[in-house]
Amino acid sequence: MASQHMRPHASLQHASELAYTAKRVARRGRGILASDESNATTGKRLATIGLDNTEENRRQWRELLYTAPGLGKYISGSILFEDTLHQSTTDGRSFLSVLEKQDIVVGIKVDSGLQPIAGTDGETATQGLDGLSERCAEFYKMGARFAKWRAVLKVGDGCPSSTAILENAHGLARYAQICQDNGLVPIVEPEVTLGPGDYSIERTAYESEKVYSHVFRLLNEYGVMLEGILLKPNMILPGLDAPVPSPDEVAEYTVRTMKRTIPAAVPGIHFLSGGMSEEEATLNLQALQGYEGCPWSLTFSYGRALQNATLNTWAGKPENVKAAQDILVALAKANSEAQLGEFKGPHPVPGGGRILQALRLGGAGK
């Protein structure tokens with residue numbers, strides 16, 4: 001008999017819906033389109049194709065993504081930035097209705113960005129718990145069914161520190177608890193970020209195991225229903241200055257790390273693309289499918305790996321919209337096939353190198 005002092009995993013009002021939504025997003029052959037970049041980050045990307053950071057340019061970019069014909073065959077969910085949740089297509093259809101028509105579940109970024117942790121070597125904590133319950137309730141009413149909160153931990157001399165691990169694990173657990181209380185499936189994202197240095201793949205595996213173990217301990221402490229969450233972790237990769245490992249080596253360390261730390265109750269593990277090239281992200285995803293005994297769906301939640309080539313193809317020109325959408329759908333299809341272990345190539349965007357992703361501090365960048 002359960003202790004009377006234990007918090008129920010989720011209110012009866014939402015428990016079955018949370019489990020249903022999580023399974024729906026994590027279903028085989030599908031992944032998540034991460035399009036929740038802040039206005040500031042989106043502006044930097046638009047600048048690379050010569051566009052100003054205006055609301056209309058951001059809206060046109062998101063419209064291109066969400067209206068791509070056939071996207072819903074390969075994408076089960078899309079994460080939106082809050083401003084985007086209120087926007088519509090040129091002909092007046094809300095982005096939510098456009099995504100829902102494609103059978104794509106709408107998600108929403110709810111954190112408010114990274115802030116430095118005093119006394120650490122540039123480590124960060126994620127902000128946004130204040131007023132989160134009210135915001136989640138409003139997002140649910142608008143039609144969102146899952147949420148995202150990103151915590152970032154770096155590998156370096158003395159990093160990640162116990163201070164950073166505990167602070168970020170607490171934030172993720174409290175966020176997940178609040179989301180579930182309001183009917184939203186929380187994407188739990190403890191990113192052990194791909195950064196500079198020649199640290200080994202073994203080091204990343206060790207640090208990731210430590211981080212994930214603390215996160216799930218706190219999720220359990222806060223009574224989070226694991227059947228109603230999704231995990232968005234990093235693949236296990238060495239530092240940017242180390243030799244690039246083969247997909248088989250990445251898969252070996254990644255699956256081992258997941259088996260050591262992630263409970264079977266979690267329906268889906270949606271890996272982020274981080275600093276990987278488009279082709280590397282696809283090939284590594286396919287290699288993960290070669291391991292038996294994995295109780296979760298091992299799939300993707302890619303941002304740059306789906307958007308970068310799409311953006312460059314569009315270049316802000318109306319006559320390029322169809323070609324850009326074709327690239328987006330081709331990339332989504334390639335990763336869908338990789339999730340099923342069926343990708344045979346050639347890749348829509350072959351080659352490419354890794355990038356160092358700059359961490360933006362100081363809020364969500366509205």
# chains A, B, ... in the order shown; residues from 1 in each chain; ligands from 1
$ select_by_dssp --residues "region 118-295 of chain A" --states "strand (DSSP E or B)" --output "list in words"
Thr124, Ala125, Thr126, Phe146, Ala147, Lys148, Trp149, Arg150, Ala151, Val152, Leu153, Gly156, Cys159, Val185, Pro186, Ile187, Val188, Glu189, Pro190, Glu191, Val192, Leu230, Leu231, Gly268, Ile269, His270 and Phe271 of chain A
$ residues_around --residues "Ala305 (chain A)" --least-positions-apart "3" --cutoff "10 Å" --atoms "only C-alpha atoms" --output "ChimeraX atom specification"
/A:33-34,272-282,301-302,308-310,328,331-332,335,349
$ closest_residue --among "A:Thr90, A:Gln60, A:Ser16, A:Ser208" --to "Glu189 (chain A)" --atoms "only C-alpha atoms"
A:Ser208
$ select_by_dssp --residues "region 94-235 of chain A" --states "helix (DSSP H, G or I)" --output "ChimeraX atom specification"
/A:95-101,132-142,162-181,201-221,226-228
$ closest_atom_pairs --of "region 186-230 of chain A" --to "region 137-148 of chain A" --cutoff "12 Å" --atoms "only C-alpha atoms" --output "CSV"
residue,atom,partner,partner_atom,distance
A:Pro186,CA,A:Ala147,CA,4.9
A:Ile187,CA,A:Lys148,CA,4.8
A:Val188,CA,A:Lys148,CA,6.7
A:Glu189,CA,A:Lys148,CA,7.4
A:Pro190,CA,A:Lys148,CA,10.9
A:Gly228,CA,A:Phe146,CA,9.8
A:Ile229,CA,A:Phe146,CA,8.8
A:Leu230,CA,A:Phe146,CA,9.1
$ write_last_selection --atoms "all heavy atoms" --output "mmCIF file, in the first residue's frame"
data_model
loop_
_atom_site.group_PDB
_atom_site.id
_atom_site.type_symbol
_atom_site.label_atom_id
_atom_site.label_comp_id
_atom_site.auth_asym_id
_atom_site.auth_seq_id
_atom_site.Cartn_x
_atom_site.Cartn_y
_atom_site.Cartn_z
ATOM 1 N N PRO A 186 6.209 17.193 -19.984
ATOM 2 C CA PRO A 186 7.485 17.925 -19.973
ATOM 3 C C PRO A 186 8.569 17.183 -20.742
ATOM 4 O O PRO A 186 8.805 15.996 -20.526
ATOM 5 C CB PRO A 186 7.837 17.985 -18.482
ATOM 6 C CG PRO A 186 7.188 16.762 -17.905
ATOM 7 C CD PRO A 186 5.957 16.478 -18.719
ATOM 8 N N ILE A 187 9.212 17.887 -21.673
ATOM 9 C CA ILE A 187 10.469 17.376 -22.227
ATOM 10 C C ILE A 187 11.562 17.774 -21.245
ATOM 11 O O ILE A 187 11.773 18.957 -20.971
ATOM 12 C CB ILE A 187 10.771 17.963 -23.610
ATOM 13 C CG1 ILE A 187 9.795 17.409 -24.652
ATOM 14 C CG2 ILE A 187 12.206 17.650 -24.020
ATOM 15 C CD1 ILE A 187 10.076 17.894 -26.060
ATOM 16 N N VAL A 188 12.222 16.781 -20.693
ATOM 17 C CA VAL A 188 13.306 16.999 -19.736
ATOM 18 C C VAL A 188 14.609 16.982 -20.522
ATOM 19 O O VAL A 188 14.977 15.972 -21.118
ATOM 20 C CB VAL A 188 13.288 15.903 -18.651
ATOM 21 C CG1 VAL A 188 14.481 16.062 -17.709
ATOM 22 C CG2 VAL A 188 11.976 15.954 -17.872
ATOM 23 N N GLU A 189 15.303 18.122 -20.550
ATOM 24 C CA GLU A 189 16.498 18.263 -21.386
ATOM 25 C C GLU A 189 17.725 18.596 -20.541
ATOM 26 O O GLU A 189 18.057 19.761 -20.336
ATOM 27 C CB GLU A 189 16.301 19.342 -22.466
ATOM 28 C CG GLU A 189 17.492 19.466 -23.395
ATOM 29 C CD GLU A 189 17.295 20.476 -24.520
ATOM 30 O OE1 GLU A 189 16.194 21.057 -24.618
ATOM 31 O OE2 GLU A 189 18.240 20.688 -25.300
ATOM 32 N N PRO A 190 18.428 17.571 -20.049
ATOM 33 C CA PRO A 190 19.702 17.807 -19.361
ATOM 34 C C PRO A 190 20.840 17.640 -20.363
ATOM 35 O O PRO A 190 21.363 16.552 -20.563
ATOM 36 C CB PRO A 190 19.725 16.705 -18.294
ATOM 37 C CG PRO A 190 18.916 15.586 -18.905
ATOM 38 C CD PRO A 190 18.016 16.165 -19.962
ATOM 39 N N GLY A 228 4.742 9.936 -18.379
ATOM 40 C CA GLY A 228 4.228 11.168 -18.959
ATOM 41 C C GLY A 228 5.291 12.216 -19.174
ATOM 42 O O GLY A 228 5.011 13.417 -19.126
ATOM 43 N N ILE A 229 6.540 11.785 -19.409
ATOM 44 C CA ILE A 229 7.607 12.725 -19.766
ATOM 45 C C ILE A 229 8.280 12.234 -21.037
ATOM 46 O O ILE A 229 8.091 11.093 -21.482
ATOM 47 C CB ILE A 229 8.683 12.883 -18.663
ATOM 48 C CG1 ILE A 229 9.611 11.651 -18.604
ATOM 49 C CG2 ILE A 229 8.058 13.172 -17.317
ATOM 50 C CD1 ILE A 229 10.860 11.864 -17.780
ATOM 51 N N LEU A 230 9.086 13.085 -21.650
ATOM 52 C CA LEU A 230 10.006 12.714 -22.717
ATOM 53 C C LEU A 230 11.378 13.251 -22.339
ATOM 54 O O LEU A 230 11.484 14.307 -21.701
ATOM 55 C CB LEU A 230 9.558 13.293 -24.058
ATOM 56 C CG LEU A 230 8.200 12.796 -24.576
ATOM 57 C CD1 LEU A 230 7.736 13.650 -25.756
ATOM 58 C CD2 LEU A 230 8.268 11.331 -24.969
#
$ residues_around --residues "region 251-255 of chain A" --least-positions-apart "2" --cutoff "6 Å" --atoms "only C-alpha atoms" --output "ChimeraX atom specification"
/A:235-236,248-249,257-258,287-288
$ residues_around --residues "Lys210 (chain A)" --least-positions-apart "6" --cutoff "12 Å" --atoms "only C-alpha atoms" --output "list in words"
Leu153, Val155, Cys159, Pro160, Ser161, Ser162, Ala164, Ile165, Leu166, Ala169, Pro190, Val192, Arg203, Thr204, Phe216, Arg217, Thr257, Met258, Arg260, Thr261 and Ile262 of chain A
$ residues_around --residues "region 61-67 of chain A" --least-positions-apart "6" --cutoff "8 Å" --atoms "only C-alpha atoms" --output "PyMOL selection string"
chain A and resi 35+84+88-89+95+98-99+311+321+324-325+328
$ atom_distance --atom1 "CA of Gly223 (chain A)" --atom2 "CA of Cys179 (chain A)"
12.1 Å
$ residues_around --residues "Val105 (chain A)" --least-positions-apart "2" --cutoff "12 Å" --atoms "only C-alpha atoms" --output "VMD selection string"
chain A and resid 20 to 27 30 to 34 66 72 75 to 80 95 to 103 107 to 108 140 143 to 147 184 to 185
$ atom_distance --atom1 "CA of Asp181 (chain A)" --atom2 "CA of Leu132 (chain A)"
11.0 Å
